[in-house]
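J.: Structure file run_9.cif (mmCIF, C-alpha atoms and all ligand atoms) is given on the next line.
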```cif
data_coords
loop_
_atom_site.label_atom_id
_atom_site.label_comp_id
_atom_site.auth_asym_id
_atom_site.auth_seq_id
_atom_site.Cartn_x
_atom_site.Cartn_y
_atom_site.Cartn_z
CA MET A 1 -23.25 181.57 -66.36
CA ALA A 2 -21.62 185.00 -66.58
CA LYS A 3 -23.36 188.11 -67.87
CA LYS A 4 -21.10 189.30 -70.68
CA PHE A 5 -20.82 192.96 -71.70
CA VAL A 6 -18.78 194.66 -74.37
CA VAL A 7 -17.77 198.18 -73.29
CA ALA A 8 -17.59 200.27 -76.47
CA SER A 9 -17.72 203.86 -77.67
CA GLY A 10 -16.83 204.65 -81.24
CA LYS A 11 -14.61 207.64 -80.37
CA GLY A 12 -11.46 207.07 -78.34
CA GLY A 13 -10.56 208.37 -74.91
CA VAL A 14 -14.12 208.68 -73.59
CA GLY A 15 -13.45 206.39 -70.62
CA LYS A 16 -14.19 202.79 -71.70
CA SER A 17 -11.28 201.33 -69.75
CA SER A 18 -11.92 203.56 -66.71
CA VAL A 19 -15.60 202.63 -66.66
CA THR A 20 -14.72 198.94 -67.05
CA ALA A 21 -12.37 199.18 -64.07
CA GLY A 22 -14.84 201.22 -61.99
CA LEU A 23 -17.62 198.69 -62.58
CA CYS A 24 -15.28 195.78 -61.80
CA TYR A 25 -14.37 197.34 -58.43
CA ALA A 26 -18.02 198.12 -57.64
CA LEU A 27 -19.27 194.63 -58.52
CA SER A 28 -16.40 193.03 -56.63
CA ASP A 29 -17.38 195.12 -53.57
CA MET A 30 -20.87 193.61 -53.92
CA GLY A 31 -19.37 190.10 -53.78
CA CYS A 32 -19.54 189.33 -57.52
CA LYS A 33 -16.73 187.53 -59.33
CA VAL A 34 -15.65 189.69 -62.25
CA LEU A 35 -13.44 189.12 -65.28
CA ALA A 36 -12.08 192.20 -67.06
CA VAL A 37 -11.00 191.23 -70.57
CA ASP A 38 -8.80 193.73 -72.34
CA ALA A 39 -9.95 193.57 -75.97
CA ASP A 40 -7.77 196.48 -77.10
CA VAL A 41 -5.24 194.46 -79.13
CA GLY A 42 -1.89 196.27 -79.26
CA LEU A 43 -2.96 199.11 -76.94
CA ARG A 44 -3.96 197.36 -73.73
CA SER A 45 -4.40 199.39 -70.56
CA LEU A 46 -6.54 197.44 -68.10
CA ASP A 47 -3.46 195.66 -66.74
CA ILE A 48 -2.09 199.08 -65.69
CA ILE A 49 -5.41 200.42 -64.37
CA LEU A 50 -6.13 197.23 -62.38
CA LYS A 51 -2.44 196.76 -61.48
CA THR A 52 -1.78 193.33 -62.93
CA ASP A 53 0.93 194.42 -65.37
CA SER A 54 3.77 193.12 -63.19
CA HIS A 55 2.38 189.59 -62.94
CA SER A 56 0.59 188.90 -66.21
CA VAL A 57 2.51 186.37 -68.33
CA PHE A 58 -0.03 185.16 -70.88
CA ASP A 59 -2.83 186.90 -72.77
CA TRP A 60 -6.06 185.70 -74.39
CA GLY A 61 -4.22 185.20 -77.68
CA ASP A 62 -2.12 182.55 -75.90
CA VAL A 63 -5.32 180.80 -74.80
CA ILE A 64 -6.64 180.75 -78.39
CA ARG A 65 -3.29 179.55 -79.75
CA GLY A 66 -3.04 176.82 -77.11
CA ASN A 67 0.12 178.24 -75.51
CA CYS A 68 -1.39 178.05 -72.02
CA LEU A 69 -4.41 176.81 -70.10
CA PRO A 70 -7.29 179.30 -69.68
CA GLU A 71 -6.60 179.69 -65.93
CA GLN A 72 -2.91 180.41 -66.56
CA ALA A 73 -3.84 183.55 -68.52
CA LEU A 74 -5.82 185.04 -65.62
CA SER A 75 -4.14 187.64 -63.43
CA SER A 76 -5.67 188.36 -60.03
CA ALA A 77 -6.40 192.01 -59.32
CA SER A 78 -7.83 193.35 -56.07
CA GLY A 79 -10.92 191.71 -54.52
CA ASN A 80 -12.80 189.29 -56.75
CA ILE A 81 -11.41 190.74 -59.98
CA CYS A 82 -9.36 188.89 -62.58
CA VAL A 83 -7.82 190.43 -65.69
CA LEU A 84 -7.24 188.79 -69.05
CA ALA A 85 -4.67 190.82 -70.96
CA ALA A 86 -4.95 191.63 -74.68
CA PRO A 87 -2.38 190.31 -77.14
CA MET A 88 0.07 192.88 -78.50
CA ARG A 89 -0.78 192.15 -82.15
CA PHE A 90 -3.55 190.68 -84.28
CA SER A 91 -3.36 187.17 -85.67
CA PRO A 92 -5.48 185.49 -88.36
CA GLU A 93 -6.29 182.95 -85.63
CA TYR A 94 -8.36 185.58 -83.76
CA THR A 95 -11.84 185.38 -85.24
CA ALA A 96 -15.32 185.89 -83.82
CA GLU A 97 -15.59 182.10 -83.41
CA THR A 98 -12.23 181.59 -81.69
CA VAL A 99 -12.62 184.53 -79.26
CA ARG A 100 -16.15 183.40 -78.38
CA ALA A 101 -14.90 179.85 -77.72
CA MET A 102 -12.10 181.32 -75.58
CA ILE A 103 -14.52 183.45 -73.51
CA ASP A 104 -16.85 180.48 -73.03
CA LYS A 105 -14.05 178.73 -71.11
CA TYR A 106 -14.43 181.42 -68.38
CA ASP A 107 -18.21 181.44 -68.33
CA LYS A 108 -18.72 179.24 -65.28
CA GLY A 109 -16.09 180.90 -63.09
CA PHE A 110 -17.49 184.45 -63.13
CA ASP A 111 -20.69 186.41 -62.54
CA PHE A 112 -19.72 189.22 -64.93
CA ILE A 113 -17.34 189.42 -67.88
CA PHE A 114 -16.51 192.83 -69.40
CA ALA A 115 -14.72 193.13 -72.75
CA ASP A 116 -13.06 196.54 -72.92
CA ALA A 117 -13.22 197.34 -76.65
CA PRO A 118 -10.76 199.48 -78.60
CA ALA A 119 -11.89 202.81 -80.03
CA GLY A 120 -13.48 202.57 -83.46
CA ILE A 121 -15.76 200.05 -85.10
CA SER A 122 -13.31 197.92 -87.06
CA GLU A 123 -11.71 194.50 -86.49
CA GLY A 124 -10.88 194.86 -82.80
CA PHE A 125 -14.37 196.16 -82.08
CA ARG A 126 -15.92 193.14 -83.83
CA LEU A 127 -13.76 190.73 -81.81
CA ALA A 128 -14.78 192.52 -78.58
CA CYS A 129 -18.47 192.19 -79.56
CA ALA A 130 -17.95 188.46 -80.17
CA MET A 131 -16.94 188.15 -76.50
CA ALA A 132 -20.28 189.49 -75.23
CA ASP A 133 -24.08 189.28 -75.38
CA GLU A 134 -24.90 192.77 -74.10
CA GLY A 135 -23.32 196.17 -74.65
CA LEU A 136 -22.46 199.21 -72.57
CA ILE A 137 -21.94 202.21 -74.83
CA ILE A 138 -19.82 204.91 -73.23
CA SER A 139 -20.14 208.53 -74.29
CA THR A 140 -19.02 211.85 -73.00
CA PRO A 141 -21.77 214.50 -73.34
CA ASP A 142 -20.45 216.24 -76.44
CA GLY A 143 -21.66 216.11 -80.03
CA VAL A 144 -18.64 214.33 -81.51
CA CYS A 145 -18.56 211.50 -78.98
CA VAL A 146 -22.34 211.10 -79.00
CA ARG A 147 -22.21 210.56 -82.77
CA GLY A 148 -19.53 207.92 -82.14
CA ALA A 149 -21.78 206.31 -79.55
CA GLU A 150 -24.66 206.13 -82.02
CA ALA A 151 -22.38 204.48 -84.61
CA ALA A 152 -20.95 202.05 -82.04
CA GLY A 153 -24.44 201.09 -80.88
CA ALA A 154 -25.62 200.42 -84.44
CA SER A 155 -22.49 198.42 -85.24
CA ALA A 156 -22.75 196.41 -82.02
CA GLU A 157 -26.31 195.43 -82.96
CA GLU A 158 -25.05 194.33 -86.38
CA GLU A 159 -22.50 192.16 -84.55
CA GLY A 160 -25.29 190.42 -82.65
CA ILE A 161 -25.30 192.37 -79.37
CA LYS A 162 -28.86 192.05 -78.14
CA SER A 163 -29.22 194.62 -75.41
CA LEU A 164 -27.54 198.02 -75.31
CA ARG A 165 -27.35 200.60 -72.53
CA MET A 166 -25.43 203.87 -72.42
CA ILE A 167 -23.23 205.30 -69.68
CA ILE A 168 -22.61 209.05 -69.90
CA ASN A 169 -19.09 209.59 -68.58
CA ARG A 170 -17.37 212.83 -67.51
CA PHE A 171 -20.70 214.50 -66.78
CA ASN A 172 -20.09 218.10 -65.82
CA ARG A 173 -23.01 220.31 -64.78
CA LYS A 174 -21.07 223.55 -65.35
CA GLY A 175 -20.25 222.49 -68.93
CA ILE A 176 -23.96 222.02 -69.60
CA GLU A 177 -24.90 225.34 -68.00
CA ARG A 178 -22.32 227.10 -70.18
CA LYS A 179 -23.67 225.23 -73.25
CA HIS A 180 -20.31 223.53 -73.91
CA LEU A 181 -21.82 220.10 -73.28
CA LEU A 182 -25.11 218.40 -74.13
CA ASN A 183 -27.60 217.79 -71.34
CA ILE A 184 -28.54 214.22 -70.41
CA ASP A 185 -31.79 214.16 -72.42
CA ASP A 186 -30.13 215.40 -75.62
CA THR A 187 -27.24 212.94 -75.19
CA ILE A 188 -29.73 210.06 -74.95
CA ASP A 189 -31.78 211.34 -77.91
CA PHE A 190 -28.78 211.78 -80.20
CA ALA A 191 -27.12 208.48 -79.25
CA GLY A 192 -30.40 206.58 -79.46
CA VAL A 193 -29.39 204.24 -76.63
CA ARG A 194 -31.16 203.84 -73.27
CA LEU A 195 -29.30 205.20 -70.28
CA ILE A 196 -28.06 203.02 -67.42
CA GLY A 197 -26.04 205.61 -65.54
CA VAL A 198 -24.09 208.84 -65.40
CA VAL A 199 -20.50 209.13 -64.15
CA PRO A 200 -19.33 212.63 -63.20
CA GLU A 201 -16.06 214.25 -64.17
CA ASP A 202 -13.84 213.30 -61.24
CA ILE A 203 -10.10 213.97 -61.14
CA GLN A 204 -9.70 210.92 -58.85
CA VAL A 205 -10.33 208.71 -61.91
CA LEU A 206 -7.15 210.03 -63.49
CA PHE A 207 -5.10 210.09 -60.27
CA CYS A 208 -6.10 206.64 -59.00
CA PHE A 209 -6.60 204.52 -62.10
CA THR A 210 -3.42 205.62 -63.87
CA GLY A 211 -1.60 204.60 -60.68
CA GLY A 212 -3.36 201.23 -60.44
CA LYS A 213 -5.36 202.16 -57.33
CA PRO A 214 -9.10 201.93 -56.53
CA LEU A 215 -11.05 205.17 -56.15
CA PRO A 216 -11.44 206.52 -52.61
CA LYS A 217 -14.84 205.95 -50.93
CA ARG A 218 -15.70 209.67 -51.07
CA SER A 219 -15.14 209.85 -54.84
CA ASP A 220 -18.26 210.85 -56.80
CA ALA A 221 -17.24 208.58 -59.68
CA ARG A 222 -16.97 205.63 -57.28
CA LYS A 223 -20.50 206.33 -56.01
CA ALA A 224 -21.73 206.46 -59.62
CA PHE A 225 -20.06 203.13 -60.46
CA ALA A 226 -21.73 201.60 -57.38
CA ARG A 227 -25.15 202.82 -58.60
CA ILE A 228 -24.59 201.38 -62.08
CA ALA A 229 -23.27 198.09 -60.67
CA LYS A 230 -26.48 197.74 -58.66
CA ARG A 231 -28.54 198.25 -61.79
CA LEU A 232 -26.46 195.61 -63.60
CA THR A 233 -27.31 193.10 -60.88
CA GLY A 234 -31.01 193.95 -61.16
CA GLU A 235 -31.22 196.05 -57.98
CA LYS A 236 -33.02 199.39 -58.05
CA SER A 237 -30.71 202.39 -57.99
CA PRO A 238 -31.09 206.01 -59.14
CA LEU A 239 -29.92 206.99 -62.62
CA SER A 240 -29.14 210.54 -61.62
CA PRO A 241 -25.60 211.88 -61.29
CA ALA A 242 -24.02 212.70 -57.94
CA LYS A 243 -24.86 216.20 -56.78
N1 LIG B 301 -15.12 210.29 -65.09
C1 LIG B 301 -13.88 210.73 -65.38
N2 LIG B 301 -13.41 211.85 -64.77
C2 LIG B 301 -12.17 212.31 -65.05
N3 LIG B 301 -11.31 211.72 -65.90
C3 LIG B 301 -11.72 210.61 -66.53
C4 LIG B 301 -13.02 210.05 -66.31
N4 LIG B 301 -13.14 208.95 -67.08
C5 LIG B 301 -11.98 208.81 -67.74
N5 LIG B 301 -11.12 209.80 -67.43
C6 LIG B 301 -9.76 210.00 -67.96
O1 LIG B 301 -9.86 210.06 -69.37
C7 LIG B 301 -8.72 209.45 -69.97
C8 LIG B 301 -9.18 208.39 -70.96
O2 LIG B 301 -9.82 207.36 -70.22
P1 LIG B 301 -9.78 205.85 -70.71
O3 LIG B 301 -8.39 205.41 -71.03
O4 LIG B 301 -10.55 205.08 -69.72
O5 LIG B 301 -10.60 205.99 -72.08
P2 LIG B 301 -10.80 204.90 -73.22
O6 LIG B 301 -12.13 205.19 -73.84
O7 LIG B 301 -10.59 203.55 -72.68
O8 LIG B 301 -9.63 205.27 -74.23
P3 LIG B 301 -9.20 204.41 -75.52
O9 LIG B 301 -10.23 204.70 -76.57
O10 LIG B 301 -7.85 205.00 -75.87
O11 LIG B 301 -9.15 202.99 -75.12
C9 LIG B 301 -7.87 208.90 -68.85
O12 LIG B 301 -6.85 209.83 -68.56
C10 LIG B 301 -8.84 208.82 -67.66
O13 LIG B 301 -8.19 208.97 -66.41
MG MG B 302 -9.30 201.99 -73.33
#
```
Would you write out, as structure tokens, the structure that this file holds?
Ligand SMILES: Nc1ncnc2c1ncn2[C@@H]1O[C@H](COP(=O)(O)OP(=O)(O)OP(=O)(O)O)[C@@H](O)[C@H]1O
Ligand SMILES: [Mg+2]
T.:
Amino acid sequence: MAKKFVVASGKGGVGKSSVTAGLCYALSDMGCKVLAVDADVGLRSLDIILKTDSHSVFDWGDVIRGNCLPEQALSSASGNICVLAAPMRFSPEYTAETVRAMIDKYDKGFDFIFADAPAGISEGFRLACAMADEGLIISTPDGVCVRGAEAAGASAEEEGIKSLRMIINRFNRKGIERKHLLNIDDTIDFAGVRLIGVVPEDIQVLFCFTGGKPLPKRSDARKAFARIAKRLTGEKSPLSPAK
């Protein structure tokens, strides 16, 4: 049975899709089979980041509507990663019950399933939560996004997500020293969600992921994703950011 996580944030652009991709690569490197589900209806991006856009024909909406078999909607990315694209528009047929039944069809074939939620806490967010049991709340270390993280965490719990952990993304020590950004302790306190890892600001995330490439081995963000992936599999690994 797969461990199923919704990756959510409240505010947009904080790195949900990048973190989803980074964790998929890291878990795949560890030998896990991973399904990345794009839950951002109408604004999908995982197919570009994980480079499946040229060969994805069906999306999860097609699975729900019976237009294809569940395996026909999967696109193979690098390693042990598969991507399930998001539909381009909402349909009354997409409900918490139908998306959950759709995800359950993939349960046996994967170790991890990540549902990359849209920004906000409305309909698309609720559908993404219905795909998962646990939540990863992504926040950048600034007051506005941390408030969004707190709201997303509370809403995810209302949607039945049982266990929540936070990933602080775009951590930047200089920003904290200059008082532009919150430190790690304050980010945790204000968001009210336990930390599972810290991903540094790393220009390679932009360069590589927007071009559909994995991060280079020397990348600090890649090292951070590897640490978090270990923690997700139950291995011990430090929480602290890369120096
Ligand atoms: N750790 C990082 N270091 C540097 N840039 C990053 C990092 N994480 C994400 N980014 C950049 O931030 C931008 C937004 O990232 P991403 O699309 O993953 O956010 P998102 O939360 O999924 O956005 P949306 O809410 O629109 O779905 C992208 O240009 C990405 O390359
Ligand atoms: Mg996104």
J.: Env of stretch 89-104 of chain A: 12 Å cut, atoms = only C-alpha atoms, seq-sep filter 4 positions within chain, self excluded. Answer as an MDAnalysis selection string.
T.: chainID A and resid 1:5 35:44 59:66 68:71 73:74 84:85 108:110 112:115 123:133 159:160
J.: Return as a PyMOL selection string the residues of protein, DNA or RNA that approach ligand LIG 301 (chain B) to within 8 Å, with all atoms listed in the file taken into account.
T.: chain A and resi 8-9+11-20+40+43-45+116-120+138+169-171+199-207+209-210+221
J.: Please report the interatomic distance between atom CA of A:Gly234 and atom CA of A:Asp220 in Å with one decimal.
T.: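 Distance between the two atoms: 21.6 Å.
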J.: Just checking: using only C-alpha atoms and all ligand atoms, which residue out of A:Cys24, A:Ala86, A:Met30, A:Leu46 ends up closest to ligand MG 302 (chain B)?
T.: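 Using only C-alpha atoms and all ligand atoms, ligand MG 302 (chain B) sits closest to A:Leu46.
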J.: Which residues are close to A:Val193, i.e. within 7 Å by all atoms listed in the file, leaving aside same-chain residues fewer than 6 positions away? Reply as an NGL selection string.
T.: :A and (164-166)
J.: From the set A:Val198, A:Gly31, A:Asp47, A:Val7, which residue has the shortest atom-to-atom contact distance to A:Gly211, counting all atoms listed in the file?
T.: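 Distance minimum relative to A:Gly211 lands on A:Asp47.
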J.: Considering only C-alpha atoms, state which residue in the set A:Ile81, A:Ile228, A:Leu23, A:Ile121 is at the smallest distance from A:Gly10.
T.: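 That would be A:Ile121, the residue with the smallest distance to A:Gly10.
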J.: How far is it from atom CA of A:Pro141 to atom CA of A:Leu239, in Å with one decimal?
T.: 15.4 Å
J.: What gap, in Å, lies between atom CA of A:Ile167 and atom CA of A:Ser56?
T.: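 Computed distance, atom CA of A:Ile167 to atom CA of A:Ser56, equals 29.1 Å.
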J.: Go through A:Arg173, A:Arg194, A:Lys33, A:Arg231 one by one, measure the shortest atom-to-atom distance of each to A:Gly153 using all atoms listed in the file, and give the residue with the smallest value.
T.: A:Arg194
J.: Measuring between only C-alpha atoms and all ligand atoms, which one of A:Val34, A:Ile49, A:Cys208, A:Cys82 shows the shortest distance to ligand MG 302 (chain B)?
T.: A:Ile49
J.: Select, from A:Ile168, A:Gln72, A:Asp29, A:Ile48, the residue with the minimum atom-to-atom distance to ligand MG 302 (chain B), counting only C-alpha atoms and all ligand atoms.
T.: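 Checking each candidate against ligand MG 302 (chain B), we get A:Ile48 as the closest.
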J.: So which residues fall inside 6 Å of (-1.4, 191.2, -61.7) if we count only C-alpha atoms? Mind giving them as number ranges by chain?
T.: A: 51-56, 75-77
